[in-house]
$ cat work_27.cif   # mmCIF, C-alpha atoms
data_data
#
loop_
_atom_site.label_atom_id
_atom_site.label_comp_id
_atom_site.auth_asym_id
_atom_site.auth_seq_id
_atom_site.Cartn_x
_atom_site.Cartn_y
_atom_site.Cartn_z
CA MET A 1 34.72 58.24 2.85
CA GLY A 2 31.35 58.97 4.43
CA ASN A 3 31.34 62.50 3.09
CA ALA A 4 33.02 61.56 -0.18
CA ARG A 5 31.80 63.25 -3.30
CA LEU A 6 31.32 61.33 -6.52
CA ALA A 7 33.71 63.26 -8.76
CA HIS A 8 33.53 61.44 -12.07
CA LEU A 9 32.80 58.22 -13.87
CA GLY A 10 35.59 56.94 -16.08
CA VAL A 11 34.18 55.56 -19.32
CA ILE A 12 36.42 53.76 -21.78
CA VAL A 13 35.76 54.31 -25.49
CA HIS A 14 37.44 53.28 -28.70
CA ARG A 15 37.70 56.83 -29.98
CA LEU A 16 37.05 60.22 -28.39
CA ASP A 17 36.28 61.57 -31.86
CA THR A 18 33.26 59.26 -32.09
CA ALA A 19 32.11 59.34 -28.48
CA GLU A 20 32.23 63.12 -28.05
CA PRO A 21 29.63 63.87 -30.76
CA PHE A 22 27.38 61.17 -29.30
CA TYR A 23 27.40 62.82 -25.89
CA ALA A 24 27.14 66.28 -27.43
CA ARG A 25 23.82 65.23 -29.03
CA LEU A 26 22.60 64.47 -25.51
CA GLY A 27 23.63 67.96 -24.43
CA LEU A 28 26.87 66.91 -22.70
CA SER A 29 29.71 68.89 -24.23
CA PRO A 30 33.44 68.40 -23.68
CA ALA A 31 34.92 70.82 -21.16
CA ARG A 32 38.58 69.90 -21.56
CA ARG A 33 40.90 67.36 -23.09
CA GLU A 34 44.17 66.08 -21.73
CA SER A 35 46.77 63.47 -22.66
CA LEU A 36 48.18 61.45 -19.79
CA ASP A 37 51.29 60.13 -21.47
CA ARG A 38 52.44 58.05 -18.53
CA GLU A 39 49.11 56.21 -18.52
CA ARG A 40 49.00 56.06 -22.33
CA VAL A 41 45.52 57.54 -22.44
CA ARG A 42 43.73 60.57 -23.82
CA VAL A 43 40.85 61.90 -21.74
CA THR A 44 37.94 64.30 -22.15
CA PHE A 45 35.81 65.53 -19.27
CA LEU A 46 32.07 66.11 -19.85
CA PRO A 47 30.37 68.05 -17.04
CA VAL A 48 26.91 67.04 -15.83
CA ALA A 49 25.03 68.99 -13.15
CA ASN A 50 26.75 67.47 -10.14
CA ALA A 51 29.72 65.48 -11.47
CA GLU A 52 31.67 64.69 -14.63
CA ILE A 53 32.01 61.90 -17.14
CA GLU A 54 35.63 61.18 -18.07
CA LEU A 55 35.94 59.60 -21.50
CA LEU A 56 39.13 57.54 -21.82
CA GLU A 57 40.71 56.57 -25.14
CA PRO A 58 43.75 54.30 -24.95
CA ALA A 59 46.70 55.90 -26.74
CA GLY A 60 48.22 52.93 -28.50
CA PRO A 61 47.84 49.18 -28.11
CA GLU A 62 49.85 48.82 -24.88
CA GLY A 63 48.76 49.40 -21.32
CA PRO A 64 45.95 48.33 -19.00
CA LEU A 65 43.28 50.45 -20.70
CA SER A 66 43.87 48.80 -24.05
CA ARG A 67 43.67 45.40 -22.42
CA PHE A 68 40.43 46.37 -20.66
CA LEU A 69 38.91 47.60 -23.93
CA ALA A 70 39.92 44.44 -25.78
CA ALA A 71 38.55 42.18 -23.04
CA ARG A 72 35.32 43.94 -22.09
CA GLY A 73 34.56 46.51 -24.76
CA GLU A 74 33.42 50.05 -24.23
CA GLY A 75 31.79 50.93 -20.93
CA ILE A 76 32.35 52.12 -17.40
CA HIS A 77 35.93 51.66 -16.30
CA HIS A 78 36.13 53.25 -12.85
CA ILE A 79 34.42 55.50 -10.30
CA ALA A 80 36.27 58.42 -8.79
CA PHE A 81 35.52 59.84 -5.35
CA GLU A 82 36.84 63.22 -4.33
CA VAL A 83 38.33 63.27 -0.86
CA ASP A 84 39.84 66.06 1.20
CA ASP A 85 42.85 64.11 2.38
CA ILE A 86 43.93 61.36 0.03
CA GLU A 87 46.56 59.84 2.34
CA ARG A 88 43.94 59.48 5.05
CA ALA A 89 41.28 58.07 2.68
CA LEU A 90 43.79 55.58 1.27
CA ALA A 91 44.76 54.46 4.77
CA ILE A 92 41.09 53.98 5.72
CA ALA A 93 40.43 51.99 2.55
CA VAL A 94 43.41 49.71 3.17
CA ALA A 95 42.45 49.30 6.82
CA SER A 96 38.97 48.31 5.58
CA GLY A 97 40.47 45.44 3.63
CA MET A 98 40.81 47.05 0.21
CA ARG A 99 43.91 46.41 -1.89
CA ALA A 100 45.68 49.55 -3.10
CA ILE A 101 46.99 49.63 -6.66
CA ASP A 102 48.85 52.80 -5.76
CA GLN A 103 50.55 52.52 -2.38
CA VAL A 104 51.09 56.27 -2.44
CA PRO A 105 49.14 58.91 -4.39
CA ARG A 106 50.42 59.83 -7.83
CA PRO A 107 49.72 62.75 -10.21
CA GLY A 108 46.37 62.63 -12.02
CA ALA A 109 44.71 64.93 -14.56
CA HIS A 110 44.62 68.68 -13.98
CA GLY A 111 46.98 68.83 -11.04
CA THR A 112 45.05 66.35 -8.92
CA ARG A 113 46.60 63.56 -6.86
CA VAL A 114 44.99 60.15 -7.32
CA ALA A 115 45.18 56.58 -6.05
CA PHE A 116 43.40 53.50 -7.38
CA LEU A 117 42.04 50.59 -5.38
CA HIS A 118 41.78 47.10 -6.83
CA PRO A 119 38.33 45.95 -8.06
CA GLY A 120 39.01 42.45 -6.74
CA SER A 121 38.86 43.90 -3.24
CA ALA A 122 35.84 46.13 -3.86
CA HIS A 123 33.00 44.01 -5.25
CA GLY A 124 34.20 44.42 -8.83
CA ILE A 125 34.58 48.20 -8.86
CA LEU A 126 37.81 49.96 -9.75
CA LEU A 127 37.77 52.89 -7.30
CA GLU A 128 39.81 56.04 -7.73
CA LEU A 129 40.44 58.48 -4.91
CA VAL A 130 41.04 62.06 -6.07
CA GLU A 131 42.35 65.03 -4.13
CA ARG A 132 42.07 68.36 -5.91
CA PRO A 133 44.99 70.78 -5.94
CA GLN A 134 45.03 73.06 -2.92
CA PRO A 135 43.87 76.56 -3.91
CA MET B 1 20.16 66.03 -20.81
CA GLY B 2 22.59 68.96 -20.61
CA ASN B 3 21.44 69.80 -17.09
CA ALA B 4 20.98 66.18 -16.09
CA ARG B 5 22.01 65.21 -12.60
CA LEU B 6 23.84 62.00 -11.90
CA ALA B 7 21.38 60.36 -9.51
CA HIS B 8 22.95 56.99 -8.75
CA LEU B 9 25.25 54.25 -9.88
CA GLY B 10 23.74 50.81 -10.01
CA VAL B 11 26.20 48.23 -8.69
CA ILE B 12 25.43 44.54 -8.93
CA VAL B 13 26.52 42.31 -6.06
CA HIS B 14 26.08 38.69 -5.12
CA ARG B 15 24.65 39.46 -1.69
CA LEU B 16 23.54 42.70 -0.04
CA ASP B 17 24.36 41.13 3.33
CA THR B 18 28.04 40.96 2.33
CA ALA B 19 28.31 44.19 0.34
CA GLU B 20 26.59 46.45 2.88
CA PRO B 21 29.15 45.86 5.66
CA PHE B 22 31.96 46.44 3.15
CA TYR B 23 30.59 49.86 2.22
CA ALA B 24 29.74 50.62 5.87
CA ARG B 25 33.43 50.22 6.75
CA LEU B 26 34.13 52.96 4.20
CA GLY B 27 31.57 55.17 5.90
CA LEU B 28 28.77 54.59 3.40
CA SER B 29 25.73 53.34 5.28
CA PRO B 30 22.50 52.01 3.82
CA ALA B 31 19.69 54.55 3.73
CA ARG B 32 16.90 52.30 2.59
CA ARG B 33 16.17 48.86 1.18
CA GLU B 34 13.50 47.88 -1.30
CA SER B 35 12.42 44.77 -3.17
CA LEU B 36 11.41 45.28 -6.78
CA ASP B 37 9.50 42.08 -7.32
CA ARG B 38 8.74 42.73 -10.97
CA GLU B 39 12.45 43.11 -11.68
CA ARG B 40 13.35 40.24 -9.36
CA VAL B 41 15.89 42.34 -7.50
CA ARG B 42 16.53 43.62 -3.99
CA VAL B 43 18.15 47.03 -3.75
CA THR B 44 19.86 49.16 -1.11
CA PHE B 45 20.69 52.83 -1.58
CA LEU B 46 23.90 54.21 -0.04
CA PRO B 47 24.08 58.01 -0.04
CA VAL B 48 27.32 59.80 -0.86
CA ALA B 49 27.69 63.58 -0.72
CA ASN B 50 26.17 64.35 -4.11
CA ALA B 51 24.58 61.11 -5.35
CA GLU B 52 23.81 57.54 -4.33
CA ILE B 53 25.12 54.05 -4.90
CA GLU B 54 22.37 51.51 -5.56
CA LEU B 55 23.41 47.99 -4.64
CA LEU B 56 21.47 45.38 -6.61
CA GLU B 57 21.12 41.75 -5.57
CA PRO B 58 19.28 39.47 -7.98
CA ALA B 59 16.36 37.78 -6.24
CA GLY B 60 16.53 34.29 -7.65
CA PRO B 61 18.31 32.77 -10.64
CA GLU B 62 16.01 34.18 -13.34
CA GLY B 63 16.05 37.60 -14.96
CA PRO B 64 18.55 39.91 -16.66
CA LEU B 65 20.41 40.82 -13.45
CA SER B 66 21.21 37.20 -12.69
CA ARG B 67 22.46 36.73 -16.22
CA PHE B 68 24.60 39.87 -15.96
CA LEU B 69 26.10 38.68 -12.68
CA ALA B 70 26.85 35.22 -14.08
CA ALA B 71 28.45 36.64 -17.21
CA ARG B 72 30.41 39.58 -15.85
CA GLY B 73 30.57 39.23 -12.10
CA GLU B 74 30.08 41.96 -9.55
CA GLY B 75 30.53 45.55 -10.67
CA ILE B 76 28.85 48.58 -12.12
CA HIS B 77 25.61 47.73 -13.86
CA HIS B 78 24.09 51.06 -14.90
CA ILE B 79 24.20 54.83 -14.50
CA ALA B 80 21.06 56.76 -13.63
CA PHE B 81 20.48 60.38 -14.58
CA GLU B 82 17.73 62.38 -12.95
CA VAL B 83 15.70 64.40 -15.43
CA ASP B 84 12.82 66.82 -14.93
CA ASP B 85 10.68 65.46 -17.76
CA ILE B 86 11.29 61.81 -18.52
CA GLU B 87 9.11 61.68 -21.64
CA ARG B 88 11.06 64.58 -23.11
CA ALA B 89 14.47 63.14 -22.15
CA LEU B 90 13.51 59.77 -23.61
CA ALA B 91 12.40 61.42 -26.86
CA ILE B 92 15.68 63.35 -27.09
CA ALA B 93 17.70 60.20 -26.45
CA VAL B 94 15.86 58.25 -29.13
CA ALA B 95 16.14 61.16 -31.58
CA SER B 96 19.89 61.12 -30.84
CA GLY B 97 20.09 57.54 -32.05
CA MET B 98 19.82 55.69 -28.75
CA ARG B 99 17.72 52.55 -28.49
CA ALA B 100 15.11 52.57 -25.74
CA ILE B 101 14.63 49.40 -23.68
CA ASP B 102 11.50 51.01 -22.25
CA GLN B 103 9.44 52.70 -24.92
CA VAL B 104 7.45 54.42 -22.20
CA PRO B 105 8.50 55.11 -18.60
CA ARG B 106 7.66 52.49 -16.00
CA PRO B 107 7.58 52.53 -12.17
CA GLY B 108 10.99 52.48 -10.45
CA ALA B 109 12.05 52.46 -6.81
CA HIS B 110 10.51 54.91 -4.32
CA GLY B 111 7.75 56.21 -6.54
CA THR B 112 10.06 57.27 -9.36
CA ARG B 113 9.38 56.74 -13.05
CA VAL B 114 12.28 55.25 -15.00
CA ALA B 115 13.31 54.24 -18.51
CA PHE B 116 16.41 52.36 -19.61
CA LEU B 117 18.43 52.87 -22.80
CA HIS B 118 20.34 50.05 -24.44
CA PRO B 119 24.13 49.92 -23.86
CA GLY B 120 24.68 48.80 -27.44
CA SER B 121 23.52 52.24 -28.54
CA ALA B 122 25.44 54.18 -25.87
CA HIS B 123 29.10 53.17 -26.00
CA GLY B 124 28.59 50.23 -23.69
CA ILE B 125 26.72 52.04 -20.91
CA LEU B 126 23.31 50.98 -19.66
CA LEU B 127 21.67 54.36 -19.01
CA GLU B 128 18.66 54.87 -16.79
CA LEU B 129 16.56 58.02 -16.86
CA VAL B 130 14.80 58.79 -13.57
CA GLU B 131 12.04 61.26 -12.84
CA ARG B 132 11.30 61.79 -9.16
CA PRO B 133 7.72 61.86 -7.92
CA GLN B 134 6.17 65.31 -8.10
CA PRO B 135 5.99 66.87 -4.64
#

$ encode --input "work_27.cif" --output "structure tokens"
Amino acid sequence: MGNARLAHLGVIVHRLDTAEPFYARLGLSPARRESLDRERVRVTFLPVANAEIELLEPAGPEGPLSRFLAARGEGIHHIAFEVDDIERALAIAVASGMRAIDQVPRPGAHGTRVAFLHPGSAHGILLELVERPQP
Amino acid sequence: MGNARLAHLGVIVHRLDTAEPFYARLGLSPARRESLDRERVRVTFLPVANAEIELLEPAGPEGPLSRFLAARGEGIHHIAFEVDDIERALAIAVASGMRAIDQVPRPGAHGTRVAFLHPGSAHGILLELVERPQP
């Protein structure tokens, strides 16, 4: 991961409809919305100069995001690093002692493939690996 | 802040001496260490392709970082955005309804000037504005 690129910060909010205008006042406007039904979450990506902020609103009271929001409130949920080869990056992470939440990559937003690593094995940070779709 | 650049993620850890080898195994090696005595913290910056991770170790049991670590454990502490004109960015943030922790910029690491904005006014995120030293 030495050449990994910080792709986005996942930020959990109660409601996109409230958080988006807040960020818009700071000059950060939504680029795209998406619903990830399998994850029970609605997301909006806000571009900054060199990365993105991903706002996450739990869709319904079930699921890990709702539990996170209830336990810890709004705030940063995860950090996503873009890698060229997600299988390789995942193998390196596991070999380094990190615990994979996803043993194999799964579909993420916008055609990406993603895999999460457990915060308990990474100094409290929920890490996401992201591989963009091949052009 | 529409053209703001994500400068670093502040990550609080119990001990730099434990966290640094963990990140080194992932290919992220420390670029520089610094002690910020006024803040009672020791920091290490780990460069990634387009930003940095700032590891923060509280220096002693007093201060807000120690309280954060005791209350929430290791994890992401703040997000820093680099701005060209920190006075202007701070004024825009306050005009947007954010609460400034620093009413005026103060010295940060490596000759920067910084100002923090309160997470209670920013959907749970402790935001840092950073202006680099003029060349």

$ resolve_selection --input "work_27.cif" --expression "the PyMOL selection byres ((chain B and resi 115) around 8)" --output "CSV table (one decimal) with C-alpha atoms, keeping the file's coordinate frame"
chain,number,residue,atom,x,y,z
B,86,ILE,CA,11.3,61.8,-18.5
B,90,LEU,CA,13.5,59.8,-23.6
B,100,ALA,CA,15.1,52.6,-25.7
B,101,ILE,CA,14.6,49.4,-23.7
B,102,ASP,CA,11.5,51.0,-22.2
B,103,GLN,CA,9.4,52.7,-24.9
B,104,VAL,CA,7.4,54.4,-22.2
B,105,PRO,CA,8.5,55.1,-18.6
B,106,ARG,CA,7.7,52.5,-16.0
B,113,ARG,CA,9.4,56.7,-13.0
B,114,VAL,CA,12.3,55.2,-15.0
B,116,PHE,CA,16.4,52.4,-19.6
B,117,LEU,CA,18.4,52.9,-22.8
B,128,GLU,CA,18.7,54.9,-16.8
B,129,LEU,CA,16.6,58.0,-16.9
B,130,VAL,CA,14.8,58.8,-13.6

$ residues_near_point --input "work_27.cif" --point "(31.4, 58.3, -27.4)" --cutoff "12 Å" --atoms "only C-alpha atoms" --output "JSON list (two decimals) with C-alpha atoms, in the frame of the given file"
[["chain", "number", "residue", "atom", "x", "y", "z"],
["A", 11, "VAL", "CA", 34.18, 55.56, -19.32],
["A", 12, "ILE", "CA", 36.42, 53.76, -21.78],
["A", 13, "VAL", "CA", 35.76, 54.31, -25.49],
["A", 14, "HIS", "CA", 37.44, 53.28, -28.70],
["A", 15, "ARG", "CA", 37.70, 56.83, -29.98],
["A", 16, "LEU", "CA", 37.05, 60.22, -28.39],
["A", 17, "ASP", "CA", 36.28, 61.57, -31.86],
["A", 18, "THR", "CA", 33.26, 59.26, -32.09],
["A", 19, "ALA", "CA", 32.11, 59.34, -28.48],
["A", 20, "GLU", "CA", 32.23, 63.12, -28.05],
["A", 21, "PRO", "CA", 29.63, 63.87, -30.76],
["A", 22, "PHE", "CA", 27.38, 61.17, -29.30],
["A", 23, "TYR", "CA", 27.40, 62.82, -25.89],
["A", 24, "ALA", "CA", 27.14, 66.28, -27.43],
["A", 25, "ARG", "CA", 23.82, 65.23, -29.03],
["A", 26, "LEU", "CA", 22.60, 64.47, -25.51],
["A", 28, "LEU", "CA", 26.87, 66.91, -22.70],
["A", 29, "SER", "CA", 29.71, 68.89, -24.23],
["A", 30, "PRO", "CA", 33.44, 68.40, -23.68],
["A", 43, "VAL", "CA", 40.85, 61.90, -21.74],
["A", 44, "THR", "CA", 37.94, 64.30, -22.15],
["A", 45, "PHE", "CA", 35.81, 65.53, -19.27],
["A", 46, "LEU", "CA", 32.07, 66.11, -19.85],
["A", 53, "ILE", "CA", 32.01, 61.90, -17.14],
["A", 54, "GLU", "CA", 35.63, 61.18, -18.07],
["A", 55, "LEU", "CA", 35.94, 59.60, -21.50],
["A", 56, "LEU", "CA", 39.13, 57.54, -21.82],
["A", 57, "GLU", "CA", 40.71, 56.57, -25.14],
["A", 74, "GLU", "CA", 33.42, 50.05, -24.23],
["A", 75, "GLY", "CA", 31.79, 50.93, -20.93],
["A", 76, "ILE", "CA", 32.35, 52.12, -17.40],
["B", 98, "MET", "CA", 19.82, 55.69, -28.75],
["B", 119, "PRO", "CA", 24.13, 49.92, -23.86],
["B", 120, "GLY", "CA", 24.68, 48.80, -27.44],
["B", 121, "SER", "CA", 23.52, 52.24, -28.54],
["B", 122, "ALA", "CA", 25.44, 54.18, -25.87],
["B", 123, "HIS", "CA", 29.10, 53.17, -26.00],
["B", 124, "GLY", "CA", 28.59, 50.23, -23.69],
["B", 125, "ILE", "CA", 26.72, 52.04, -20.91]]

$ closest_residue --input "work_27.cif" --among "B:Leu126, B:Gln134, B:Ala59, B:His118" --to "chain A" --atoms "all atoms listed in the file"
B:Leu126

$ atom_distance --input "work_27.cif" --atom1 "atom CA of Ser66 of chain A" --atom2 "atom CA of Ala93 of chain A"
27.0 Å

$ residues_around --input "work_27.cif" --residues "Ala109 of chain A" --least-positions-apart "6" --cutoff "9 Å" --atoms "all atoms listed in the file" --output "number ranges by chain"
A: 34-36, 43

$ write_last_selection --input "work_27.cif" --atoms "C-alpha atoms" --output "compact mmCIF listing (two decimals), in the frame of the given file"
# COMPACT_ATOMS: atom_id res chain seq x y z
CA GLU A 34 44.17 66.08 -21.73
CA SER A 35 46.77 63.47 -22.66
CA LEU A 36 48.18 61.45 -19.79
CA VAL A 43 40.85 61.90 -21.74

$ closest_residue --input "work_27.cif" --among "A:Leu127, A:Ala70, A:Ile92, A:Ala80" --to "chain B" --atoms "all atoms listed in the file"
A:Ile92

$ atom_distance --input "work_27.cif" --atom1 "atom CA of Ala89 of chain B" --atom2 "atom CA of Ala31 of chain A"
21.9 Å

$ atom_distance --input "work_27.cif" --atom1 "atom CA of Arg42 of chain B" --atom2 "atom CA of Pro58 of chain B"
6.4 Å

$ resolve_selection --input "work_27.cif" --expression "the PyMOL selection byres ((chain B and resi 48) around 10)" --output "list in words"
Met1, Gly2, Asn3, Ala4, Arg5, Leu6 and Phe81 of chain A; His8, Gly27, Leu28, Ser29, Phe45, Leu46, Pro47, Ala49, Asn50, Ala51, Glu52 and Ile53 of chain B

$ resolve_selection --input "work_27.cif" --expression "the PyMOL selection byres ((chain B and resi 84) around 8)" --output "MDAnalysis selection string"
chainID B and resid 82:83 85:86 131:132

$ build_atoms --input "work_27.cif" --residues "segment 92-106 of chain B" --atoms "N, CA and C atoms" --output "PDB file, in the frame of the given file"
ATOM      1  N   ILE B  92      14.405  62.793 -26.638  1.00  0.00           N
ATOM      2  CA  ILE B  92      15.680  63.350 -27.090  1.00  0.00           C
ATOM      3  C   ILE B  92      16.705  62.236 -27.289  1.00  0.00           C
ATOM      4  N   ALA B  93      16.742  61.296 -26.348  1.00  0.00           N
ATOM      5  CA  ALA B  93      17.700  60.200 -26.450  1.00  0.00           C
ATOM      6  C   ALA B  93      17.450  59.372 -27.705  1.00  0.00           C
ATOM      7  N   VAL B  94      16.187  59.060 -27.953  1.00  0.00           N
ATOM      8  CA  VAL B  94      15.860  58.250 -29.130  1.00  0.00           C
ATOM      9  C   VAL B  94      16.158  59.031 -30.405  1.00  0.00           C
ATOM     10  N   ALA B  95      15.840  60.324 -30.405  1.00  0.00           N
ATOM     11  CA  ALA B  95      16.140  61.160 -31.580  1.00  0.00           C
ATOM     12  C   ALA B  95      17.647  61.268 -31.805  1.00  0.00           C
ATOM     13  N   SER B  96      18.430  61.076 -30.730  1.00  0.00           N
ATOM     14  CA  SER B  96      19.890  61.120 -30.840  1.00  0.00           C
ATOM     15  C   SER B  96      20.473  59.782 -31.283  1.00  0.00           C
ATOM     16  N   GLY B  97      19.621  58.817 -31.535  1.00  0.00           N
ATOM     17  CA  GLY B  97      20.090  57.540 -32.050  1.00  0.00           C
ATOM     18  C   GLY B  97      20.196  56.446 -30.998  1.00  0.00           C
ATOM     19  N   MET B  98      19.752  56.727 -29.788  1.00  0.00           N
ATOM     20  CA  MET B  98      19.820  55.690 -28.750  1.00  0.00           C
ATOM     21  C   MET B  98      18.598  54.776 -28.855  1.00  0.00           C
ATOM     22  N   ARG B  99      18.800  53.531 -28.425  1.00  0.00           N
ATOM     23  CA  ARG B  99      17.720  52.550 -28.490  1.00  0.00           C
ATOM     24  C   ARG B  99      17.106  52.422 -27.101  1.00  0.00           C
ATOM     25  N   ALA B 100      15.806  52.649 -27.036  1.00  0.00           N
ATOM     26  CA  ALA B 100      15.110  52.570 -25.740  1.00  0.00           C
ATOM     27  C   ALA B 100      14.809  51.111 -25.412  1.00  0.00           C
ATOM     28  N   ILE B 101      15.098  50.703 -24.181  1.00  0.00           N
ATOM     29  CA  ILE B 101      14.630  49.400 -23.680  1.00  0.00           C
ATOM     30  C   ILE B 101      13.176  49.555 -23.248  1.00  0.00           C
ATOM     31  N   ASP B 102      12.880  50.680 -22.619  1.00  0.00           N
ATOM     32  CA  ASP B 102      11.500  51.010 -22.250  1.00  0.00           C
ATOM     33  C   ASP B 102      10.984  52.085 -23.193  1.00  0.00           C
ATOM     34  N   GLN B 103       9.992  51.724 -23.977  1.00  0.00           N
ATOM     35  CA  GLN B 103       9.440  52.700 -24.920  1.00  0.00           C
ATOM     36  C   GLN B 103       8.684  53.800 -24.186  1.00  0.00           C
ATOM     37  N   VAL B 104       8.112  53.431 -23.057  1.00  0.00           N
ATOM     38  CA  VAL B 104       7.450  54.420 -22.200  1.00  0.00           C
ATOM     39  C   VAL B 104       7.963  54.189 -20.781  1.00  0.00           C
ATOM     40  N   PRO B 105       8.001  55.256 -19.964  1.00  0.00           N
ATOM     41  CA  PRO B 105       8.500  55.110 -18.600  1.00  0.00           C
ATOM     42  C   PRO B 105       7.671  54.103 -17.810  1.00  0.00           C
ATOM     43  N   ARG B 106       8.353  53.459 -16.855  1.00  0.00           N
ATOM     44  CA  ARG B 106       7.660  52.490 -16.000  1.00  0.00           C
ATOM     45  C   ARG B 106       8.022  52.803 -14.541  1.00  0.00           C
TER      46      ARG B 106
END
